[in-house]
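To be precise, the following lines are target10.cif, and they hold mmCIF, C-alpha atoms.
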```cif
data_entry
loop_
_atom_site.group_PDB
_atom_site.id
_atom_site.type_symbol
_atom_site.label_atom_id
_atom_site.label_comp_id
_atom_site.auth_asym_id
_atom_site.auth_seq_id
_atom_site.Cartn_x
_atom_site.Cartn_y
_atom_site.Cartn_z
ATOM 1 C CA MET A 679 0.103 -6.989 -20.351
ATOM 2 C CA PHE A 680 0.272 -10.780 -20.626
ATOM 3 C CA ILE A 681 2.593 -12.605 -18.224
ATOM 4 C CA GLN A 682 3.440 -16.203 -19.042
ATOM 5 C CA THR A 683 4.283 -18.715 -16.340
ATOM 6 C CA GLU A 684 6.322 -21.893 -16.537
ATOM 7 C CA VAL A 685 6.853 -24.643 -14.028
ATOM 8 C CA THR A 686 10.447 -25.428 -13.091
ATOM 9 C CA PRO A 687 12.095 -28.641 -11.903
ATOM 10 C CA ASN A 688 11.887 -27.156 -8.404
ATOM 11 C CA PRO A 689 8.260 -27.538 -7.189
ATOM 12 C CA ASP A 690 8.596 -24.475 -4.919
ATOM 13 C CA VAL A 691 9.567 -22.158 -7.803
ATOM 14 C CA ILE A 692 7.612 -20.757 -10.734
ATOM 15 C CA LYS A 693 9.162 -18.851 -13.632
ATOM 16 C CA PHE A 694 7.355 -15.674 -14.737
ATOM 17 C CA LEU A 695 7.911 -14.182 -18.209
ATOM 18 C CA PRO A 696 6.481 -10.649 -18.331
ATOM 19 C CA GLY A 697 7.160 -10.259 -22.065
ATOM 20 C CA ARG A 698 9.466 -7.374 -21.239
ATOM 21 C CA GLU A 699 13.044 -6.959 -20.179
ATOM 22 C CA VAL A 700 13.603 -7.700 -16.491
ATOM 23 C CA LEU A 701 17.332 -6.992 -16.079
ATOM 24 C CA GLY A 702 18.393 -7.129 -19.718
ATOM 25 C CA THR A 703 21.795 -8.573 -18.858
ATOM 26 C CA GLY A 704 23.004 -10.463 -15.831
ATOM 27 C CA SER A 705 20.953 -11.724 -12.941
ATOM 28 C CA ARG A 706 20.252 -10.942 -9.323
ATOM 29 C CA GLU A 707 19.069 -13.159 -6.492
ATOM 30 C CA ILE A 708 17.251 -11.647 -3.545
ATOM 31 C CA THR A 709 16.747 -13.930 -0.571
ATOM 32 C CA SER A 710 15.042 -11.773 2.056
ATOM 33 C CA PRO A 711 12.801 -8.738 2.456
ATOM 34 C CA GLU A 712 15.828 -6.847 3.787
ATOM 35 C CA GLU A 713 17.799 -7.539 0.593
ATOM 36 C CA ALA A 714 14.739 -6.615 -1.481
ATOM 37 C CA ILE A 715 15.282 -2.924 -0.775
ATOM 38 C CA VAL A 716 17.421 -2.818 -3.953
ATOM 39 C CA SER A 717 14.394 -3.707 -6.076
ATOM 40 C CA PRO A 718 10.894 -2.218 -5.993
ATOM 41 C CA LEU A 719 9.631 -5.343 -7.781
ATOM 42 C CA ALA A 720 11.197 -7.731 -5.253
ATOM 43 C CA THR A 721 9.925 -5.548 -2.384
ATOM 44 C CA ALA A 722 6.364 -5.883 -3.705
ATOM 45 C CA LEU A 723 6.729 -9.648 -4.058
ATOM 46 C CA PHE A 724 8.142 -10.148 -0.548
ATOM 47 C CA ALA A 725 5.291 -7.972 0.796
ATOM 48 C CA LEU A 726 2.912 -10.781 -0.188
ATOM 49 C CA GLY A 727 4.223 -12.713 2.810
ATOM 50 C CA ASP A 728 4.713 -16.199 1.413
ATOM 51 C CA VAL A 729 7.575 -15.405 -0.985
ATOM 52 C CA THR A 730 10.975 -16.631 0.242
ATOM 53 C CA ARG A 731 13.229 -15.810 -2.728
ATOM 54 C CA VAL A 732 13.117 -13.734 -5.912
ATOM 55 C CA PHE A 733 15.491 -14.281 -8.810
ATOM 56 C CA LEU A 734 15.706 -11.652 -11.545
ATOM 57 C CA GLY A 735 17.019 -12.784 -14.930
ATOM 58 C CA PRO A 736 17.448 -11.019 -18.276
ATOM 59 C CA ASP A 737 13.824 -11.485 -19.419
ATOM 60 C CA PHE A 738 12.253 -13.534 -16.634
ATOM 61 C CA LEU A 739 11.964 -13.776 -12.889
ATOM 62 C CA THR A 740 11.424 -16.722 -10.624
ATOM 63 C CA VAL A 741 9.618 -16.682 -7.331
ATOM 64 C CA THR A 742 10.142 -19.226 -4.561
ATOM 65 C CA ARG A 743 7.207 -19.853 -2.269
ATOM 66 C CA ASN A 744 6.933 -20.894 1.320
ATOM 67 C CA PRO A 745 6.328 -24.664 0.914
ATOM 68 C CA ASP A 746 3.402 -24.464 3.358
ATOM 69 C CA ILE A 747 1.295 -22.475 0.867
ATOM 70 C CA GLU A 748 -0.188 -23.787 -2.366
ATOM 71 C CA TRP A 749 0.582 -22.085 -5.670
ATOM 72 C CA ALA A 750 -3.169 -21.753 -6.253
ATOM 73 C CA HIS A 751 -3.283 -19.187 -3.424
ATOM 74 C CA LEU A 752 -0.095 -17.312 -4.335
ATOM 75 C CA LYS A 753 0.118 -17.221 -8.126
ATOM 76 C CA ALA A 754 -2.587 -14.575 -8.746
ATOM 77 C CA PRO A 755 -1.175 -12.081 -6.185
ATOM 78 C CA ILE A 756 2.294 -12.536 -7.710
ATOM 79 C CA LEU A 757 0.949 -11.871 -11.208
ATOM 80 C CA ALA A 758 -0.831 -8.761 -9.904
ATOM 81 C CA ALA A 759 2.354 -7.490 -8.207
ATOM 82 C CA ILE A 760 4.383 -7.985 -11.401
ATOM 83 C CA MET A 761 1.758 -6.237 -13.502
ATOM 84 C CA ASP A 762 1.482 -3.348 -11.011
ATOM 85 C CA HIS A 763 5.253 -2.957 -11.038
ATOM 86 C CA TYR A 764 5.507 -2.708 -14.808
ATOM 87 C CA THR A 765 2.594 -0.284 -15.099
ATOM 88 C CA SER A 766 4.124 1.936 -12.386
ATOM 89 C CA GLY A 767 7.191 2.704 -14.513
ATOM 90 C CA LYS A 768 9.563 2.046 -11.599
ATOM 91 C CA PRO A 769 12.937 0.435 -12.353
ATOM 92 C CA VAL A 770 13.458 -3.246 -11.543
ATOM 93 C CA LEU A 771 16.645 -2.375 -9.629
ATOM 94 C CA ALA A 772 17.346 0.868 -7.838
ATOM 95 C CA SER A 773 20.370 2.685 -9.230
ATOM 96 C CA GLY A 774 23.715 1.719 -7.720
ATOM 97 C CA SER A 775 22.599 -1.741 -6.666
ATOM 98 C CA ASP A 776 24.855 -3.980 -8.763
ATOM 99 C CA ASP A 777 25.991 -7.396 -7.533
ATOM 100 C CA ALA A 778 29.552 -7.449 -6.227
ATOM 101 C CA GLU A 779 32.047 -9.189 -8.474
ATOM 102 C CA ASP A 780 34.418 -11.913 -7.295
ATOM 103 C CA ASP A 781 37.590 -10.140 -6.177
ATOM 104 C CA THR A 782 39.887 -13.174 -5.996
ATOM 105 C CA VAL A 783 43.294 -12.460 -7.503
ATOM 106 C CA TYR A 784 44.759 -15.258 -9.632
ATOM 107 C CA ASP A 785 48.203 -15.647 -11.174
ATOM 108 C CA GLU A 786 48.446 -15.463 -14.970
ATOM 109 C CA ASP A 787 48.157 -19.225 -15.600
ATOM 110 C CA THR A 788 45.219 -19.638 -13.240
ATOM 111 C CA LEU A 789 43.565 -16.550 -14.699
ATOM 112 C CA GLN A 790 43.555 -18.302 -18.102
ATOM 113 C CA ILE A 791 41.939 -21.412 -16.569
ATOM 114 C CA VAL A 792 39.310 -19.269 -14.821
ATOM 115 C CA ALA A 793 38.585 -17.474 -18.106
ATOM 116 C CA GLU A 794 38.018 -20.852 -19.829
ATOM 117 C CA ILE A 795 35.723 -22.005 -17.024
ATOM 118 C CA LYS A 796 33.694 -18.780 -17.131
ATOM 119 C CA ASP A 797 33.429 -18.951 -20.919
ATOM 120 C CA LEU A 798 32.081 -22.515 -20.788
ATOM 121 C CA LEU A 799 29.614 -21.555 -18.078
ATOM 122 C CA ASP A 800 28.429 -18.499 -20.026
ATOM 123 C CA THR A 801 28.090 -20.216 -23.403
ATOM 124 C CA ARG A 802 26.994 -23.752 -22.532
ATOM 125 C CA VAL A 803 25.609 -23.958 -19.009
ATOM 126 C CA ARG A 804 23.879 -20.707 -18.155
ATOM 127 C CA PRO A 805 21.571 -20.642 -21.207
ATOM 128 C CA ALA A 806 20.376 -24.165 -20.386
ATOM 129 C CA VAL A 807 19.669 -23.519 -16.718
ATOM 130 C CA ALA A 808 18.032 -20.163 -17.546
ATOM 131 C CA GLN A 809 15.372 -22.129 -19.423
ATOM 132 C CA ASP A 810 14.493 -23.726 -16.080
ATOM 133 C CA GLY A 811 14.450 -20.344 -14.330
ATOM 134 C CA GLY A 812 17.864 -20.526 -12.712
ATOM 135 C CA ASP A 813 21.455 -19.506 -13.009
ATOM 136 C CA ILE A 814 24.887 -20.877 -12.153
ATOM 137 C CA VAL A 815 27.508 -18.324 -11.209
ATOM 138 C CA PHE A 816 31.254 -18.847 -10.896
ATOM 139 C CA ASN A 817 32.448 -18.327 -7.316
ATOM 140 C CA ARG A 818 36.106 -19.365 -7.325
ATOM 141 C CA PHE A 819 38.649 -21.933 -8.497
ATOM 142 C CA ASP A 820 40.965 -23.708 -6.060
ATOM 143 C CA VAL A 821 44.138 -24.522 -8.005
ATOM 144 C CA GLU A 822 45.514 -26.954 -5.409
ATOM 145 C CA SER A 823 42.493 -29.292 -5.428
ATOM 146 C CA GLY A 824 41.244 -28.493 -8.938
ATOM 147 C CA THR A 825 37.851 -27.615 -7.476
ATOM 148 C CA VAL A 826 35.482 -25.155 -9.114
ATOM 149 C CA TYR A 827 33.000 -23.584 -6.709
ATOM 150 C CA LEU A 828 29.712 -22.495 -8.246
ATOM 151 C CA HIS A 829 26.690 -20.749 -6.810
ATOM 152 C CA MET A 830 23.244 -22.029 -7.834
ATOM 153 C CA ARG A 831 20.609 -19.290 -8.028
ATOM 154 C CA GLY A 832 16.959 -18.904 -8.870
ATOM 155 C CA ALA A 833 15.038 -22.118 -9.432
ATOM 156 C CA CYS A 834 18.314 -24.072 -9.211
ATOM 157 C CA SER A 835 18.845 -23.058 -5.598
ATOM 158 C CA GLY A 836 17.376 -25.826 -3.479
ATOM 159 C CA CYS A 837 16.166 -27.793 -6.488
ATOM 160 C CA PRO A 838 16.130 -31.556 -5.930
ATOM 161 C CA SER A 839 17.930 -32.118 -9.244
ATOM 162 C CA SER A 840 20.622 -29.437 -8.760
ATOM 163 C CA ALA A 841 23.177 -31.889 -7.363
ATOM 164 C CA ALA A 842 22.748 -34.100 -10.419
ATOM 165 C CA THR A 843 23.019 -31.052 -12.699
ATOM 166 C CA LEU A 844 26.299 -30.066 -11.060
ATOM 167 C CA LYS A 845 27.879 -33.517 -11.000
ATOM 168 C CA ALA A 846 26.563 -35.238 -14.106
ATOM 169 C CA GLY A 847 26.348 -32.174 -16.302
ATOM 170 C CA VAL A 848 28.576 -29.295 -15.317
ATOM 171 C CA GLU A 849 31.410 -31.236 -13.676
ATOM 172 C CA ASN A 850 31.740 -33.705 -16.550
ATOM 173 C CA MET A 851 31.755 -30.915 -19.138
ATOM 174 C CA LEU A 852 34.309 -28.770 -17.292
ATOM 175 C CA ARG A 853 36.583 -31.775 -16.677
ATOM 176 C CA HIS A 854 36.391 -32.636 -20.371
ATOM 177 C CA TYR A 855 37.320 -29.162 -21.652
ATOM 178 C CA VAL A 856 39.534 -27.921 -18.805
ATOM 179 C CA PRO A 857 41.913 -30.690 -17.635
ATOM 180 C CA GLU A 858 42.891 -28.741 -14.502
ATOM 181 C CA VAL A 859 39.330 -29.130 -13.151
ATOM 182 C CA MET A 860 38.960 -32.185 -10.938
ATOM 183 C CA ARG A 861 35.548 -31.540 -9.377
ATOM 184 C CA VAL A 862 32.723 -29.032 -8.977
ATOM 185 C CA GLU A 863 31.165 -28.030 -5.664
ATOM 186 C CA GLN A 864 28.238 -25.825 -4.826
ATOM 187 C CA THR A 865 28.687 -22.798 -2.584
ATOM 188 C CA LEU A 866 25.865 -21.696 -0.340
#
```
As structure tokens, please, write out the structure in this file.
Amino acid sequence: MFIQTEVTPNPDVIKFLPGREVLGTGSREITSPEEAIVSPLATALFALGDVTRVFLGPDFLTVTRNPDIEWAHLKAPILAAIMDHYTSGKPVLASGSDDAEDDTVYDEDTLQIVAEIKDLLDTRVRPAVAQDGGDIVFNRFDVESGTVYLHMRGACSGCPSSAATLKAGVENMLRHYVPEVMRVEQTL
């Protein structure tokens, strides 16, 4: 098995491409060893001790390190854990461990706006940020202020350039295509 690695704009995150499906569709962010119980792969990575976040994408995963440790000391154990996981035959996610969907109820007009926002995110934004090992997920839309709240995940979470990505890229695009959008904010 050959696992490729790519640097990301976030110096504390490396993107790993195992050459196999990770989740297939969707994504999942795991931010603690306690949350990792839903994934044998994430559990193995957190067991290394210096991993602070694992992001699972369709065909890649990103790993965030403790900034006090150098990648030179952590990269080989991560590669070994990924390889061991895939040779074990275990699933990436345990059954019944899907992410919860946003349960906000919108009126019919707002529902159409939200659908447009989600479509733009899915077709134009998410593929671009996935190349950098991250994801942007719709959180909610506040009709009164025209604010779209998005959640940055993977390499985008905590990335020094994520604020610029949100404001200069995503906000400008959404405002252009969806006139009801006035601004974009990040949720934590």
Proximity check range 750-847 of chain A to range 859-866 of chain A, 6 Å, nearest pairs one decimal Å, only C-alpha atoms, as a tab-separated table:
```
residue	atom	partner	partner_atom	distance
A:Gly824	CA	A:Val859	CA	4.7
A:Thr825	CA	A:Arg861	CA	4.9
A:Val826	CA	A:Val862	CA	4.8
A:Tyr827	CA	A:Glu863	CA	4.9
A:Leu828	CA	A:Gln864	CA	5.0
A:His829	CA	A:Thr865	CA	5.1
```
Using only C-alpha atoms, please write the residues we just selected to a file, as a short mmCIF file (atom, residue, chain, number, x, y, z; two decimals), in the coordinates of the input.
```
data_model
loop_
_atom_site.label_atom_id
_atom_site.label_comp_id
_atom_site.auth_asym_id
_atom_site.auth_seq_id
_atom_site.Cartn_x
_atom_site.Cartn_y
_atom_site.Cartn_z
CA GLY A 824 41.24 -28.49 -8.94
CA THR A 825 37.85 -27.62 -7.48
CA VAL A 826 35.48 -25.16 -9.11
CA TYR A 827 33.00 -23.58 -6.71
CA LEU A 828 29.71 -22.50 -8.25
CA HIS A 829 26.69 -20.75 -6.81
#
```
Between range 717-802 of chain A and range 816-823 of chain A, at 12 Å or less, what are the per-residue closest atom pairs and their distances in Å? Count only C-alpha atoms, order by chain and rising residue number, and return it as JSON lines.
```
{"residue": "A:Ala778", "atom": "CA", "partner": "A:Asn817", "partner_atom": "CA", "distance": 11.3}
{"residue": "A:Glu779", "atom": "CA", "partner": "A:Asn817", "partner_atom": "CA", "distance": 9.2}
{"residue": "A:Asp780", "atom": "CA", "partner": "A:Asn817", "partner_atom": "CA", "distance": 6.7}
{"residue": "A:Asp781", "atom": "CA", "partner": "A:Arg818", "partner_atom": "CA", "distance": 9.4}
{"residue": "A:Thr782", "atom": "CA", "partner": "A:Arg818", "partner_atom": "CA", "distance": 7.4}
{"residue": "A:Val783", "atom": "CA", "partner": "A:Arg818", "partner_atom": "CA", "distance": 10.0}
{"residue": "A:Tyr784", "atom": "CA", "partner": "A:Phe819", "partner_atom": "CA", "distance": 9.1}
{"residue": "A:Asp785", "atom": "CA", "partner": "A:Val821", "partner_atom": "CA", "distance": 10.3}
{"residue": "A:Asp787", "atom": "CA", "partner": "A:Val821", "partner_atom": "CA", "distance": 10.1}
{"residue": "A:Thr788", "atom": "CA", "partner": "A:Val821", "partner_atom": "CA", "distance": 7.2}
{"residue": "A:Leu789", "atom": "CA", "partner": "A:Phe819", "partner_atom": "CA", "distance": 9.6}
{"residue": "A:Gln790", "atom": "CA", "partner": "A:Phe819", "partner_atom": "CA", "distance": 11.4}
{"residue": "A:Ile791", "atom": "CA", "partner": "A:Phe819", "partner_atom": "CA", "distance": 8.7}
{"residue": "A:Val792", "atom": "CA", "partner": "A:Phe819", "partner_atom": "CA", "distance": 6.9}
{"residue": "A:Ala793", "atom": "CA", "partner": "A:Phe816", "partner_atom": "CA", "distance": 10.4}
{"residue": "A:Glu794", "atom": "CA", "partner": "A:Phe816", "partner_atom": "CA", "distance": 11.4}
{"residue": "A:Ile795", "atom": "CA", "partner": "A:Phe816", "partner_atom": "CA", "distance": 8.2}
{"residue": "A:Lys796", "atom": "CA", "partner": "A:Phe816", "partner_atom": "CA", "distance": 6.7}
{"residue": "A:Asp797", "atom": "CA", "partner": "A:Phe816", "partner_atom": "CA", "distance": 10.3}
{"residue": "A:Leu798", "atom": "CA", "partner": "A:Phe816", "partner_atom": "CA", "distance": 10.6}
{"residue": "A:Leu799", "atom": "CA", "partner": "A:Phe816", "partner_atom": "CA", "distance": 7.8}
{"residue": "A:Asp800", "atom": "CA", "partner": "A:Phe816", "partner_atom": "CA", "distance": 9.6}
```
Give me a file of those residues, with C-alpha atoms, as a compact mmCIF listing (two decimals), in the frame of the given file.
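part.txt, written as the output of this step:
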```txt
# COMPACT_ATOMS: atom_id res chain seq x y z
CA ALA A 778 29.55 -7.45 -6.23
CA GLU A 779 32.05 -9.19 -8.47
CA ASP A 780 34.42 -11.91 -7.30
CA ASP A 781 37.59 -10.14 -6.18
CA THR A 782 39.89 -13.17 -6.00
CA VAL A 783 43.29 -12.46 -7.50
CA TYR A 784 44.76 -15.26 -9.63
CA ASP A 785 48.20 -15.65 -11.17
CA ASP A 787 48.16 -19.23 -15.60
CA THR A 788 45.22 -19.64 -13.24
CA LEU A 789 43.56 -16.55 -14.70
CA GLN A 790 43.56 -18.30 -18.10
CA ILE A 791 41.94 -21.41 -16.57
CA VAL A 792 39.31 -19.27 -14.82
CA ALA A 793 38.58 -17.47 -18.11
CA GLU A 794 38.02 -20.85 -19.83
CA ILE A 795 35.72 -22.00 -17.02
CA LYS A 796 33.69 -18.78 -17.13
CA ASP A 797 33.43 -18.95 -20.92
CA LEU A 798 32.08 -22.52 -20.79
CA LEU A 799 29.61 -21.56 -18.08
CA ASP A 800 28.43 -18.50 -20.03
```
Between A:Glu684, A:Glu849, A:Asp810, A:Asp690, which has the minimum distance to Trp749 in chain A (counting all atoms listed in the file)? A:Asp690
Put a box with edges along x, y and z around all the listed atoms of range 828-837 of chain A, pad it by 4 Å on each side, then give me its centre and sizes in Å, one decimal, as lines of an AutoDock Vina configuration file.
```
center_x = 22.4
center_y = -23.3
center_z = -6.5
size_x = 22.7
size_y = 16.9
size_z = 14.0
```
With the PyMOL selection byres ((chain A and resi 727) around 12) as the selection, what would be picked from this file? Answer as a PyMOL selection string, please. chain A and resi 710-711+720-726+728-731+742-744+746-747+751-752+755-756
Skipping near chain neighbours, those fewer than 5 positions away, what residues fall within 8 Å of Leu771 in chain A using all atoms listed in the file, listed as a list in words? Leu701, Val716, Ser717, Pro718 and Leu719 of chain A
Counting all atoms listed in the file, which residue out of A:Gly697, A:Gly847, A:Pro687, A:Gly767 sits closest to Gly832 in chain A?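 Among A:Gly697, A:Gly847, A:Pro687, A:Gly767, it is A:Pro687 that comes nearest to Gly832 in chain A.
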Excluding same-chain residues fewer than 6 positions from range 804-808 of chain A, what lies within 12 Å of it counting only C-alpha atoms, as a ChimeraX atom specification? /A:684,686-688,693-695,704-705,733-740,795-798,814-816,828-835,837,839-840,843-844,847-848
Gap from CA of Ile681 in chain A to CA of Met761 in chain A - Å, one decimal: 8.0 Å
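One finds CA of Asp813 in chain A at 25.8 Å from CA of Met679 in chain A.
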Residue nearest Phe680 in chain A among A:Ile760, A:Glu712, A:Thr703, A:Lys753 (counting only C-alpha atoms): A:Ile760
Enter the distance from CA of Ala758 in chain A to CA of Pro696 in chain A, in Å, rounded to one decimal.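 It comes out at 11.3 Å.
Closest approach to Ala714 in chain A among A:Val700, A:Ala842, A:Val856, A:Ala772: A:Ala772, based on only C-alpha atoms.
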